[in-house]
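**Student:** For reference, this is model21.tsv, and it has TSV, C-alpha atoms and all ligand atoms.
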```
chain	number	residue	atom	x	y	z
A	1	MET	CA	65.87	91.52	128.70
A	2	ALA	CA	66.39	88.24	126.81
A	3	PRO	CA	70.02	87.49	125.90
A	4	ARG	CA	70.94	88.85	122.50
A	5	LYS	CA	73.56	88.03	119.90
A	6	ILE	CA	75.08	91.34	118.85
A	7	ALA	CA	77.38	91.83	115.84
A	8	VAL	CA	79.37	95.08	115.70
A	9	VAL	CA	80.76	95.48	112.19
A	10	LEU	CA	83.76	97.80	112.01
A	11	PHE	CA	84.29	99.41	108.60
A	12	ASN	CA	87.74	100.47	107.50
A	13	LEU	CA	89.61	100.96	104.26
A	14	GLY	CA	92.03	98.00	104.36
A	15	GLY	CA	95.60	97.93	103.18
A	16	PRO	CA	97.90	95.51	101.35
A	17	ASP	CA	99.24	92.63	103.46
A	18	GLY	CA	102.33	92.18	101.25
A	19	PRO	CA	103.99	93.61	98.11
A	20	GLU	CA	101.98	91.40	95.75
A	21	ALA	CA	98.72	92.75	97.23
A	22	VAL	CA	99.52	96.39	96.40
A	23	ARG	CA	98.23	96.30	92.83
A	24	PRO	CA	94.91	94.47	93.46
A	25	PHE	CA	94.33	96.71	96.51
A	26	LEU	CA	94.82	99.81	94.36
A	27	PHE	CA	92.63	98.31	91.64
A	28	ASN	CA	89.79	97.74	94.12
A	29	LEU	CA	90.14	101.32	95.37
A	30	PHE	CA	90.09	102.98	91.96
A	31	ASN	CA	87.33	100.67	90.70
A	32	ASP	CA	84.98	101.92	93.44
A	33	PRO	CA	82.31	104.23	91.94
A	34	ALA	CA	82.45	106.22	95.20
A	35	ILE	CA	86.10	107.08	94.34
A	36	ILE	CA	85.84	107.42	90.55
A	37	ALA	CA	82.28	108.37	89.64
A	38	LEU	CA	82.27	106.99	86.08
A	39	PRO	CA	80.33	104.12	84.48
A	40	GLY	CA	81.96	100.70	84.97
A	41	ILE	CA	82.82	100.36	81.29
A	42	VAL	CA	85.21	103.33	81.62
A	43	ARG	CA	86.09	103.06	85.33
A	44	THR	CA	87.30	99.45	85.35
A	45	PRO	CA	89.94	99.79	82.58
A	46	LEU	CA	90.97	103.12	84.11
A	47	ALA	CA	91.38	101.45	87.53
A	48	ALA	CA	93.56	98.75	85.89
A	49	LEU	CA	95.72	101.43	84.28
A	50	ILE	CA	96.12	103.61	87.40
A	51	SER	CA	96.85	100.63	89.67
A	52	SER	CA	99.55	99.33	87.34
A	53	ARG	CA	101.13	102.81	86.97
A	54	ARG	CA	101.04	103.42	90.74
A	55	GLU	CA	102.16	99.95	91.82
A	56	ALA	CA	105.95	100.46	92.01
A	57	SER	CA	105.86	103.79	93.87
A	58	ALA	CA	103.18	102.50	96.28
A	59	GLN	CA	105.22	99.30	96.89
A	60	ALA	CA	108.26	101.46	97.70
A	61	ASN	CA	106.21	103.36	100.28
A	62	TYR	CA	104.79	100.18	101.84
A	63	ALA	CA	108.37	98.80	101.92
A	64	ILE	CA	109.22	101.57	104.42
A	65	MET	CA	106.69	99.89	106.78
A	66	GLY	CA	108.09	96.39	106.12
A	67	GLY	CA	106.08	95.77	102.94
A	68	ALA	CA	102.58	95.72	104.40
A	69	SER	CA	99.99	98.08	105.85
A	70	PRO	CA	99.57	97.99	109.66
A	71	LEU	CA	95.88	98.85	109.25
A	72	LEU	CA	94.52	95.33	109.80
A	73	PRO	CA	96.49	94.50	112.99
A	74	GLU	CA	95.64	97.98	114.35
A	75	THR	CA	91.96	97.45	113.56
A	76	GLN	CA	92.03	93.96	115.11
A	77	ALA	CA	93.39	95.47	118.35
A	78	GLN	CA	90.57	98.05	118.30
A	79	ALA	CA	87.99	95.28	117.67
A	80	LYS	CA	89.31	93.29	120.63
A	81	ALA	CA	89.28	96.33	122.93
A	82	LEU	CA	85.76	97.32	121.84
A	83	GLU	CA	84.47	93.76	122.29
A	84	ALA	CA	85.87	93.69	125.85
A	85	THR	CA	84.31	97.10	126.64
A	86	LEU	CA	80.91	96.09	125.27
A	87	ALA	CA	80.81	92.70	127.03
A	88	ALA	CA	77.59	92.51	129.08
A	89	PRO	CA	76.05	89.69	131.09
A	90	GLY	CA	73.62	87.68	128.97
A	91	ASP	CA	74.55	89.29	125.64
A	92	GLU	CA	77.03	87.75	123.23
A	93	VAL	CA	78.85	90.66	121.57
A	94	ARG	CA	81.19	89.96	118.67
A	95	CYS	CA	83.17	92.59	116.70
A	96	PHE	CA	83.78	91.88	113.01
A	97	ILE	CA	85.99	93.80	110.56
A	98	ALA	CA	84.84	94.62	107.03
A	99	MET	CA	87.55	96.23	104.91
A	100	ARG	CA	86.58	98.02	101.71
A	101	TYR	CA	89.62	97.37	99.48
A	102	TRP	CA	91.62	94.50	101.02
A	103	LYS	CA	91.10	91.46	103.22
A	104	PRO	CA	88.89	90.76	105.08
A	105	LEU	CA	86.64	92.18	102.35
A	106	THR	CA	82.97	93.01	102.87
A	107	ASP	CA	81.57	89.84	101.21
A	108	GLU	CA	83.66	87.56	103.42
A	109	THR	CA	82.68	89.45	106.58
A	110	ALA	CA	79.00	89.55	105.60
A	111	ALA	CA	79.06	85.73	105.32
A	112	ALA	CA	80.79	85.42	108.73
A	113	VAL	CA	78.21	87.73	110.36
A	114	ALA	CA	75.34	85.78	108.78
A	115	ALA	CA	76.84	82.52	110.10
A	116	PHE	CA	77.00	84.09	113.60
A	117	GLY	CA	73.23	84.63	113.33
A	118	PRO	CA	72.91	87.97	115.14
A	119	ASP	CA	69.73	89.44	116.61
A	120	GLU	CA	71.23	92.94	116.37
A	121	ILE	CA	73.84	94.46	114.04
A	122	VAL	CA	75.57	97.81	114.53
A	123	LEU	CA	77.46	99.05	111.49
A	124	THR	CA	80.29	101.17	112.87
A	125	PRO	CA	82.65	103.11	110.59
A	126	LEU	CA	86.17	103.67	111.87
A	127	TYR	CA	85.94	107.02	110.09
A	128	PRO	CA	84.83	109.71	112.55
A	129	GLN	CA	83.84	112.04	109.70
A	130	TYR	CA	81.32	110.94	107.07
A	131	SER	CA	82.38	110.91	103.43
A	132	THR	CA	80.67	109.30	100.46
A	133	THR	CA	84.16	107.99	99.55
A	134	THR	CA	84.62	106.10	102.82
A	135	THR	CA	81.62	105.41	105.10
A	136	GLY	CA	79.12	105.85	102.26
A	137	SER	CA	81.05	103.40	100.11
A	138	SER	CA	81.34	100.82	102.92
A	139	LEU	CA	77.63	101.03	103.76
A	140	ALA	CA	76.69	100.60	100.11
A	141	ALA	CA	78.97	97.54	99.82
A	142	TRP	CA	77.46	96.10	103.03
A	143	ARG	CA	73.92	96.63	101.81
A	144	LYS	CA	74.76	94.63	98.68
A	145	ALA	CA	76.61	91.86	100.51
A	146	TYR	CA	74.61	91.10	103.67
A	147	LYS	CA	71.91	88.46	103.32
A	148	GLY	CA	71.71	87.21	106.92
A	149	PRO	CA	69.35	87.80	109.88
A	150	GLY	CA	69.22	90.58	112.48
A	151	ARG	CA	68.01	94.14	112.97
A	152	SER	CA	70.58	96.64	111.69
A	153	ARG	CA	71.52	100.17	112.58
A	154	ALA	CA	74.30	102.25	111.07
A	155	ILE	CA	76.35	104.86	112.91
A	156	CYS	CA	76.88	107.58	110.33
A	157	CYS	CA	79.54	109.79	111.88
A	158	TYR	CA	80.92	110.96	115.19
A	159	PRO	CA	83.23	113.94	114.50
A	160	THR	CA	82.60	115.65	117.84
A	161	LEU	CA	82.17	112.58	120.02
A	162	ASP	CA	83.47	113.44	123.48
A	163	GLY	CA	85.69	110.34	123.72
A	164	LEU	CA	87.20	111.01	120.30
A	165	ALA	CA	88.17	114.59	121.19
A	166	ALA	CA	89.39	113.58	124.66
A	167	ALA	CA	91.54	110.77	123.22
A	168	HIS	CA	93.13	113.14	120.72
A	169	ALA	CA	93.81	115.64	123.49
A	170	ALA	CA	95.49	112.90	125.58
A	171	LYS	CA	97.71	111.88	122.64
A	172	ILE	CA	98.62	115.51	121.89
A	173	GLU	CA	99.50	116.29	125.49
A	174	ALA	CA	101.65	113.15	125.87
A	175	ALA	CA	103.48	113.75	122.57
A	176	TRP	CA	104.17	117.37	123.45
A	177	ALA	CA	105.37	116.57	126.95
A	178	ALA	CA	107.76	113.92	125.53
A	179	ALA	CA	109.12	116.36	122.92
A	180	GLY	CA	109.97	118.95	125.56
A	181	ALA	CA	110.10	121.78	123.01
A	182	ALA	CA	109.53	125.40	124.04
A	183	GLY	CA	108.46	128.46	122.08
A	184	PRO	CA	105.74	129.42	119.63
A	185	THR	CA	103.95	126.33	118.38
A	186	ARG	CA	101.41	125.53	115.72
A	187	LEU	CA	99.05	122.60	116.09
A	188	LEU	CA	98.41	121.32	112.58
A	189	PHE	CA	95.38	119.06	112.21
A	190	SER	CA	96.08	117.06	109.07
A	191	ALA	CA	93.30	115.12	107.35
A	192	HIS	CA	93.21	113.00	104.20
A	193	GLY	CA	92.12	115.29	101.36
A	194	LEU	CA	89.24	114.95	98.93
A	195	PRO	CA	88.66	116.25	95.40
A	196	GLU	CA	86.83	119.61	95.52
A	197	SER	CA	84.16	118.13	93.25
A	198	VAL	CA	83.19	115.59	95.94
A	199	VAL	CA	82.66	118.37	98.50
A	200	ALA	CA	80.73	120.43	95.91
A	201	ARG	CA	78.30	117.50	95.51
A	202	GLY	CA	77.35	117.86	99.19
A	203	ASP	CA	79.86	115.61	100.97
A	204	PRO	CA	79.94	116.73	104.64
A	205	TYR	CA	83.53	115.50	105.24
A	206	GLN	CA	85.29	118.88	105.22
A	207	ALA	CA	82.72	120.51	107.53
A	208	GLN	CA	83.04	117.55	109.89
A	209	ILE	CA	86.86	117.74	109.87
A	210	GLU	CA	86.50	121.35	111.01
A	211	ALA	CA	84.08	120.23	113.73
A	212	THR	CA	86.56	117.62	114.98
A	213	ALA	CA	89.43	120.12	115.14
A	214	GLY	CA	87.24	122.55	117.10
A	215	ALA	CA	86.19	119.83	119.56
A	216	ILE	CA	89.82	118.82	120.20
A	217	VAL	CA	90.91	122.42	120.79
A	218	GLY	CA	88.02	122.70	123.25
A	219	LYS	CA	89.39	119.73	125.19
A	220	LEU	CA	92.88	121.25	125.24
A	221	SER	CA	91.74	124.59	126.62
A	222	THR	CA	93.19	123.97	130.08
A	223	THR	CA	96.63	123.07	128.72
A	224	TRP	CA	96.58	125.54	125.85
A	225	ALA	CA	99.73	127.68	125.85
A	226	LYS	CA	99.64	131.40	125.09
A	227	ASP	CA	102.06	130.99	122.19
A	228	TRP	CA	100.08	128.19	120.44
A	229	ASP	CA	97.76	128.48	117.48
A	230	TRP	CA	96.11	125.90	115.24
A	231	ARG	CA	95.23	125.22	111.62
A	232	ILE	CA	93.72	122.49	109.48
A	233	SER	CA	95.39	121.08	106.35
A	234	TYR	CA	94.80	118.21	103.91
A	235	GLN	CA	97.30	115.57	102.78
A	236	SER	CA	97.63	112.63	100.36
A	237	ARG	CA	96.39	114.24	97.16
A	238	VAL	CA	95.99	111.73	94.32
A	239	GLY	CA	95.54	112.44	90.59
A	240	PRO	CA	95.16	115.56	88.48
A	241	MET	CA	91.93	116.97	89.95
A	242	LYS	CA	91.78	119.99	92.26
A	243	TRP	CA	91.65	118.86	95.91
A	244	ILE	CA	90.55	120.77	98.99
A	245	GLY	CA	93.29	122.70	100.74
A	246	PRO	CA	95.45	124.04	102.19
A	247	ALA	CA	97.91	121.20	101.55
A	248	THR	CA	99.75	119.87	104.61
A	249	GLU	CA	103.06	120.34	102.72
A	250	HIS	CA	102.28	124.03	102.22
A	251	GLU	CA	101.46	124.51	105.90
A	252	ILE	CA	104.69	122.78	106.98
A	253	ALA	CA	106.77	125.01	104.70
A	254	GLU	CA	104.99	128.11	105.96
A	255	ALA	CA	105.29	127.26	109.67
A	256	SER	CA	108.96	126.32	109.23
A	257	ALA	CA	109.70	129.63	107.50
A	258	ALA	CA	107.98	131.45	110.38
A	259	GLY	CA	110.16	129.61	112.94
A	260	LEU	CA	107.21	127.83	114.59
A	261	ASN	CA	107.36	124.42	116.25
A	262	LEU	CA	104.94	122.00	114.60
A	263	LEU	CA	102.76	119.49	116.36
A	264	VAL	CA	100.98	117.52	113.63
A	265	VAL	CA	97.80	115.64	114.52
A	266	PRO	CA	96.18	113.14	112.09
A	267	ILE	CA	92.42	113.57	112.60
A	268	ALA	CA	90.72	111.57	109.86
A	269	PHE	CA	92.20	108.16	110.71
A	270	VAL	CA	91.93	106.39	114.02
A	271	SER	CA	94.90	104.06	113.45
A	272	GLU	CA	98.42	104.20	112.04
A	273	HIS	CA	98.86	103.48	108.35
A	274	ILE	CA	100.83	104.57	105.30
A	275	GLU	CA	99.69	108.19	105.44
A	276	THR	CA	100.85	108.67	109.02
A	277	LEU	CA	103.96	106.47	109.14
A	278	VAL	CA	105.31	107.26	105.68
A	279	GLU	CA	103.81	110.57	104.57
A	280	LEU	CA	103.70	112.44	107.88
A	281	ASP	CA	106.71	110.87	109.61
A	282	HIS	CA	109.12	110.21	106.73
A	283	GLU	CA	108.32	112.63	103.94
A	284	TYR	CA	107.02	115.63	105.85
A	285	GLY	CA	109.38	115.05	108.78
A	286	ALA	CA	112.35	115.28	106.37
A	287	MET	CA	110.82	118.32	104.71
A	288	ALA	CA	110.33	120.11	108.04
A	289	ARG	CA	113.97	119.44	109.02
A	290	GLN	CA	115.21	120.61	105.66
A	291	LYS	CA	113.16	123.81	105.94
A	292	GLY	CA	114.54	124.52	109.41
A	293	CYS	CA	111.43	123.79	111.51
A	294	PRO	CA	112.64	124.09	115.16
A	295	SER	CA	110.63	121.04	116.29
A	296	TYR	CA	108.44	118.65	114.25
A	297	VAL	CA	106.36	116.30	116.40
A	298	ARG	CA	103.57	113.98	115.26
A	299	ALA	CA	100.85	112.95	117.71
A	300	PRO	CA	100.10	109.21	117.38
A	301	ALA	CA	96.82	107.96	115.93
A	302	LEU	CA	94.21	106.94	118.51
A	303	GLY	CA	94.54	103.14	118.31
A	304	ILE	CA	93.12	101.69	121.53
A	305	GLU	CA	93.33	104.89	123.61
A	306	ALA	CA	90.79	104.24	126.38
A	307	ALA	CA	88.70	107.39	125.91
A	308	PHE	CA	88.26	106.61	122.22
A	309	ILE	CA	87.22	102.99	122.72
A	310	ASP	CA	84.85	104.02	125.54
A	311	GLY	CA	83.36	106.72	123.29
A	312	LEU	CA	82.85	104.26	120.46
A	313	ALA	CA	81.27	101.74	122.85
A	314	GLY	CA	78.88	104.48	124.00
A	315	ALA	CA	77.90	105.18	120.39
A	316	VAL	CA	77.24	101.46	119.80
A	317	ARG	CA	75.10	101.25	122.96
A	318	THR	CA	73.13	104.32	121.86
A	319	ALA	CA	72.52	102.67	118.50
A	320	LEU	CA	71.34	99.45	120.18
A	321	GLU	CA	68.84	101.34	122.33
A	322	ARG	CA	67.03	102.75	119.31
A	323	PRO	CA	64.07	100.96	117.80
A	324	GLY	CA	63.92	100.47	114.04
A	325	GLY	CA	66.60	98.71	112.11
A	326	VAL	CA	64.72	97.58	109.02
A	327	GLY	CA	66.76	96.30	106.06
A	328	PRO	CA	70.46	95.53	105.77
A	329	VAL	CA	71.57	99.04	106.76
A	330	GLY	CA	68.57	99.88	108.91
A	331	ASP	CA	68.16	103.11	110.79
A	332	TRP	CA	70.91	105.71	110.90
A	333	ILE	CA	72.23	106.81	114.25
A	334	CYS	CA	74.21	110.00	114.64
A	335	PRO	CA	75.89	110.22	118.05
A	336	SER	CA	76.97	113.76	117.21
A	337	ALA	CA	73.56	114.85	115.82
A	338	LEU	CA	75.30	117.39	113.63
A	339	ARG	CA	73.54	119.40	111.03
A	340	GLN	CA	76.23	118.51	108.47
A	341	CYS	CA	75.50	114.81	108.59
A	342	PRO	CA	73.71	112.57	106.10
A	343	ARG	CA	71.21	111.50	108.75
A	344	THR	CA	70.27	114.81	110.29
A	345	GLY	CA	71.46	117.56	108.08
A	346	ARG	CA	71.73	119.45	104.92
A	347	SER	CA	73.86	116.95	102.99
A	348	THR	CA	72.10	115.48	99.99
A	349	GLU	CA	74.06	112.26	100.23
A	350	ARG	CA	72.37	108.98	101.08
A	351	VAL	CA	73.62	105.42	100.81
B	401	LIG	C1	89.21	109.79	105.84
B	401	LIG	C2	89.81	108.87	105.22
B	401	LIG	C3	90.01	108.75	103.77
B	401	LIG	C4	89.41	109.44	102.70
B	401	LIG	C5	88.36	110.52	102.74
B	401	LIG	C6	90.01	108.92	101.51
B	401	LIG	C7	89.71	109.34	100.21
B	401	LIG	C8	90.44	108.99	99.08
B	401	LIG	N1	91.57	108.21	99.03
B	401	LIG	C9	92.05	108.11	97.74
B	401	LIG	C10	93.16	107.38	97.29
B	401	LIG	C11	94.03	106.58	98.08
B	401	LIG	N2	93.95	106.41	99.42
B	401	LIG	C12	94.96	105.54	99.81
B	401	LIG	C13	95.23	105.10	101.10
B	401	LIG	C14	94.45	105.39	102.21
B	401	LIG	N3	93.34	106.23	102.27
B	401	LIG	C15	92.85	106.25	103.53
B	401	LIG	C16	91.75	106.98	104.00
B	401	LIG	C17	90.95	107.83	103.23
B	401	LIG	N4	90.90	107.95	101.87
B	401	LIG	C18	93.68	105.37	104.33
B	401	LIG	C19	93.44	105.06	105.78
B	401	LIG	C20	94.68	104.86	103.50
B	401	LIG	C21	95.84	103.97	103.93
B	401	LIG	C22	95.68	102.51	103.81
B	401	LIG	C23	96.94	101.77	104.21
B	401	LIG	O1	97.35	100.91	103.43
B	401	LIG	O2	97.56	102.01	105.25
B	401	LIG	C24	95.69	105.11	98.67
B	401	LIG	C25	96.82	104.07	98.69
B	401	LIG	C26	98.14	104.61	99.05
B	401	LIG	C27	98.74	105.37	97.93
B	401	LIG	O3	98.97	104.82	96.85
B	401	LIG	O4	98.91	106.60	98.11
B	401	LIG	C28	95.14	105.78	97.59
B	401	LIG	C29	95.57	105.67	96.14
B	401	LIG	C30	91.15	108.86	96.94
B	401	LIG	C31	91.32	109.02	95.43
B	401	LIG	C32	90.16	109.41	97.77
B	401	LIG	C33	88.99	110.26	97.45
B	401	LIG	C34	88.44	110.44	96.29
B	402	FE	FE	92.64	107.43	100.68
B	403	FE	FE	76.05	111.71	111.70
```
Represent the structure from my file as structure tokens, please.

**Tutor:**
Amino acid sequence: MAPRKIAVVLFNLGGPDGPEAVRPFLFNLFNDPAIIALPGIVRTPLAALISSRREASAQANYAIMGGASPLLPETQAQAKALEATLAAPGDEVRCFIAMRYWKPLTDETAAAVAAFGPDEIVLTPLYPQYSTTTTGSSLAAWRKAYKGPGRSRAICCYPTLDGLAAAHAAKIEAAWAAAGAAGPTRLLFSAHGLPESVVARGDPYQAQIEATAGAIVGKLSTTWAKDWDWRISYQSRVGPMKWIGPATEHEIAEASAAGLNLLVVPIAFVSEHIETLVELDHEYGAMARQKGCPSYVRAPALGIEAAFIDGLAGAVRTALERPGGVGPVGDWICPSALRQCPRTGRSTERV
């Protein structure tokens, strides 16, 4: 095969790189029609209002992590690991990062990819589960921004990817062994929540979260203890609307009252960020102690865990093997081939 130039574009949310970036980051987030589904004439002033109201409390939370989000350095480490795994004789593989709400933003990355002049492009969300608010939004922004050459394919979702589940299982087992706690234990899979209205419109995110939790439990079956059980909960509710539940806070209070150890596993993010380091570790850790939880342990996010990076590399290779790839988003590839997926299934959502 002739040597190819391959661009792998990693989509993630982005996070502020300093206190002064908090407000424009929040503005970009709330001004996204995938987050607030209102016409621009209403949404944009509303985004300005919410971001100014939320600025001080968000800055205080980012201050706990030194003032900035670790999302970009974590994503850069994943890009480097993936690039090394995908390296193949003859091909030039380059991983790019396109953040949705803070730098490097999609427009800047689209220009960098165009300048690279790829033959092939694989759009790869760092969200295992598809949501219109995350992957859908990033793909729509990419479609608008990218004007360069190359055949494109988009990976839509990979909630049950073998490497993803295996990497989570490895993190869970290591965290539990280090904690050395004994007794009845609840594994709590905590995912970022979503407004109920988004799920009612056909968003497959919640069904895919459930699929991920099931796949991880499947991987743990050999180490599963008789006195363990598991549940799913949703964290990080924002605004006055009704969000999907149960809330992670509620589950922590309930498990603590029942005298269960808690092993909390973040399953919607593949790297550390404000919701793991501040919400899960600080806020909910303090709450669990205060409520008398015998042991509160948080499994780390996947980062560059080998099984995860290998799994992602496999998904990229699968995407490259497919024909098609017309237009800036091109063909959709679903490594999980789930029914609840925008490419294969019953969801009505399309980018
Ligand atoms: C699966 C991942 C995510 C979904 C789904 C999602 C939906 C969603 N988020 C908000 C509002 C906020 N999210 C914020 C931070 C944030 N969100 C995700 C991921 C998902 N969001 C990540 C990885 C992060 C952290 C970024 C970082 O800096 O480390 C924030 C900012 C923090 C705060 O002020 O609380 C907001 C706001 C909505 C409204 C929504 C769905 C409609
Ligand atoms: Fe969010
Ligand atoms: Fe899919």

**Student:** With only C-alpha atoms and all ligand atoms as the atoms that count, which of A:Cys95, A:Leu13, A:Ala306, A:Ala48 lies nearest to ligand FE 402 (chain B)?

**Tutor:** A:Leu13

**Student:** Find, counting all atoms listed in the file, the residue in A:Gln129, A:Asn31, A:Thr85, A:Thr135 that gets nearest to Leu10 in chain A.

**Tutor:** A:Thr135

**Student:** Which polymer residues have any atom within 9 Å of an atom of Val93 in chain A, counting all atoms listed in the file, with same-chain residues fewer than 2 positions away left out, as a list in words?

**Tutor:**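 Here the answer would be Arg4, Lys5, Ile6, Ala7, Val8, Glu83, Ala84, Leu86, Ala87, Ala88, Asp91 and Cys95 of chain A.
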
**Student:** Choose the residue, out of A:Ala247, A:Val270, A:Ala182, A:Ala207, that has the smallest atom-to-atom separation from Ser295 in chain A; count all atoms listed in the file.

**Tutor:**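 Answer, going by the shortest atom-to-atom distance: A:Ala182.
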
**Student:** A:Cys157, A:Ala213, A:Ile41, A:Val113: which is nearest ligand FE 403 (chain B), counting all atoms listed in the file?

**Tutor:** A:Cys157

**Student:** Which residues of chain A come within 6 Å of ligand LIG 401 (chain B), and for each one, what is the closest pair of atoms and their distance in Å to one decimal, counting all atoms listed in the file, sorted by chain and residue number, as a tab-separated table?

**Tutor:**
```
residue	atom	partner	partner_atom	distance
A:Leu13	CA	B:LIG401	C19	5.8
A:Gly14	CA	B:LIG401	C22	5.8
A:Gly15	CA	B:LIG401	O1	3.5
A:Pro16	CA	B:LIG401	O1	5.8
A:Ile35	CA	B:LIG401	C34	4.5
A:Ala58	CA	B:LIG401	O3	4.8
A:Ser69	CA	B:LIG401	O1	4.6
A:Leu71	CA	B:LIG401	O2	5.4
A:Thr133	CA	B:LIG401	C33	5.7
A:Thr134	CA	B:LIG401	C5	5.8
A:His192	CA	B:LIG401	C3	5.3
A:Leu194	CA	B:LIG401	C33	4.9
A:Pro195	CA	B:LIG401	C34	5.9
A:Val238	CA	B:LIG401	C31	5.5
A:Ala268	CA	B:LIG401	C1	4.6
A:Phe269	CA	B:LIG401	C1	5.9
A:His273	CA	B:LIG401	O2	3.7
A:Ile274	CA	B:LIG401	O2	4.2
A:Glu275	CA	B:LIG401	C21	5.9
```

**Student:** Do you have the CA of Arg53 in chain A-CA of Phe27 in chain A distance handy?

**Tutor:**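 So the answer is 10.7 Å.
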
**Student:** Which range 204-264 of chain A residues have any atom within 12 Å of an atom of range 288-294 of chain A, and for each, what is the nearest pair of atoms with distance in Å to one decimal, counting only C-alpha atoms, rows sorted by chain and number, as a tab-separated table?

**Tutor:**
```
residue	atom	partner	partner_atom	distance
A:Thr248	CA	A:Ala288	CA	11.1
A:Glu249	CA	A:Ala288	CA	9.0
A:His250	CA	A:Ala288	CA	10.7
A:Glu251	CA	A:Ala288	CA	10.1
A:Ile252	CA	A:Ala288	CA	6.3
A:Ala253	CA	A:Lys291	CA	6.6
A:Glu254	CA	A:Lys291	CA	9.2
A:Ala255	CA	A:Cys293	CA	7.3
A:Ser256	CA	A:Cys293	CA	4.2
A:Ala257	CA	A:Lys291	CA	6.9
A:Ala258	CA	A:Cys293	CA	8.5
A:Gly259	CA	A:Cys293	CA	6.1
A:Leu260	CA	A:Cys293	CA	6.6
A:Asn261	CA	A:Pro294	CA	5.4
A:Leu262	CA	A:Cys293	CA	7.4
A:Leu263	CA	A:Cys293	CA	10.8
A:Val264	CA	A:Ala288	CA	11.2
```

**Student:** Using all atoms listed in the file, which residue out of A:Leu123, A:Leu29, A:Ile36, A:Leu312 lies closest to Ile155 in chain A?

**Tutor:**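 Looking only at the distances to Ile155 in chain A, the closest residue turns out to be A:Leu123.
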
**Student:** What would range 184-195 of chain A look like with N, CA and C atoms restored, written as an mmCIF file, in the coordinates of the input?

**Tutor:**
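And here is the file that came out, out.cif:
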```cif
data_model
loop_
_atom_site.group_PDB
_atom_site.id
_atom_site.type_symbol
_atom_site.label_atom_id
_atom_site.label_comp_id
_atom_site.auth_asym_id
_atom_site.auth_seq_id
_atom_site.Cartn_x
_atom_site.Cartn_y
_atom_site.Cartn_z
ATOM 1 N N PRO A 184 106.980 129.342 120.396
ATOM 2 C CA PRO A 184 105.740 129.420 119.630
ATOM 3 C C PRO A 184 105.485 128.148 118.827
ATOM 4 N N THR A 185 104.267 127.650 118.925
ATOM 5 C CA THR A 185 103.950 126.330 118.380
ATOM 6 C C THR A 185 102.656 126.357 117.607
ATOM 7 N N ARG A 186 102.653 125.684 116.484
ATOM 8 C CA ARG A 186 101.410 125.530 115.720
ATOM 9 C C ARG A 186 100.952 124.084 115.754
ATOM 10 N N LEU A 187 99.689 123.916 116.137
ATOM 11 C CA LEU A 187 99.050 122.600 116.090
ATOM 12 C C LEU A 187 98.464 122.481 114.684
ATOM 13 N N LEU A 188 98.907 121.479 113.944
ATOM 14 C CA LEU A 188 98.410 121.320 112.580
ATOM 15 C C LEU A 188 97.581 120.045 112.498
ATOM 16 N N PHE A 189 96.272 120.215 112.351
ATOM 17 C CA PHE A 189 95.380 119.060 112.210
ATOM 18 C C PHE A 189 95.394 118.658 110.738
ATOM 19 N N SER A 190 95.948 117.485 110.456
ATOM 20 C CA SER A 190 96.080 117.060 109.070
ATOM 21 C C SER A 190 95.103 115.920 108.773
ATOM 22 N N ALA A 191 94.296 116.130 107.738
ATOM 23 C CA ALA A 191 93.300 115.120 107.350
ATOM 24 C C ALA A 191 93.569 114.665 105.925
ATOM 25 N N HIS A 192 93.156 113.452 105.590
ATOM 26 C CA HIS A 192 93.210 113.000 104.200
ATOM 27 C C HIS A 192 92.361 113.962 103.372
ATOM 28 N N GLY A 193 92.875 114.369 102.199
ATOM 29 C CA GLY A 193 92.120 115.290 101.360
ATOM 30 C C GLY A 193 91.022 114.610 100.575
ATOM 31 N N LEU A 194 90.325 115.423 99.810
ATOM 32 C CA LEU A 194 89.240 114.950 98.930
ATOM 33 C C LEU A 194 89.230 115.858 97.699
ATOM 34 N N PRO A 195 88.837 115.349 96.538
ATOM 35 C CA PRO A 195 88.660 116.250 95.400
ATOM 36 C C PRO A 195 87.595 117.299 95.734
#
```
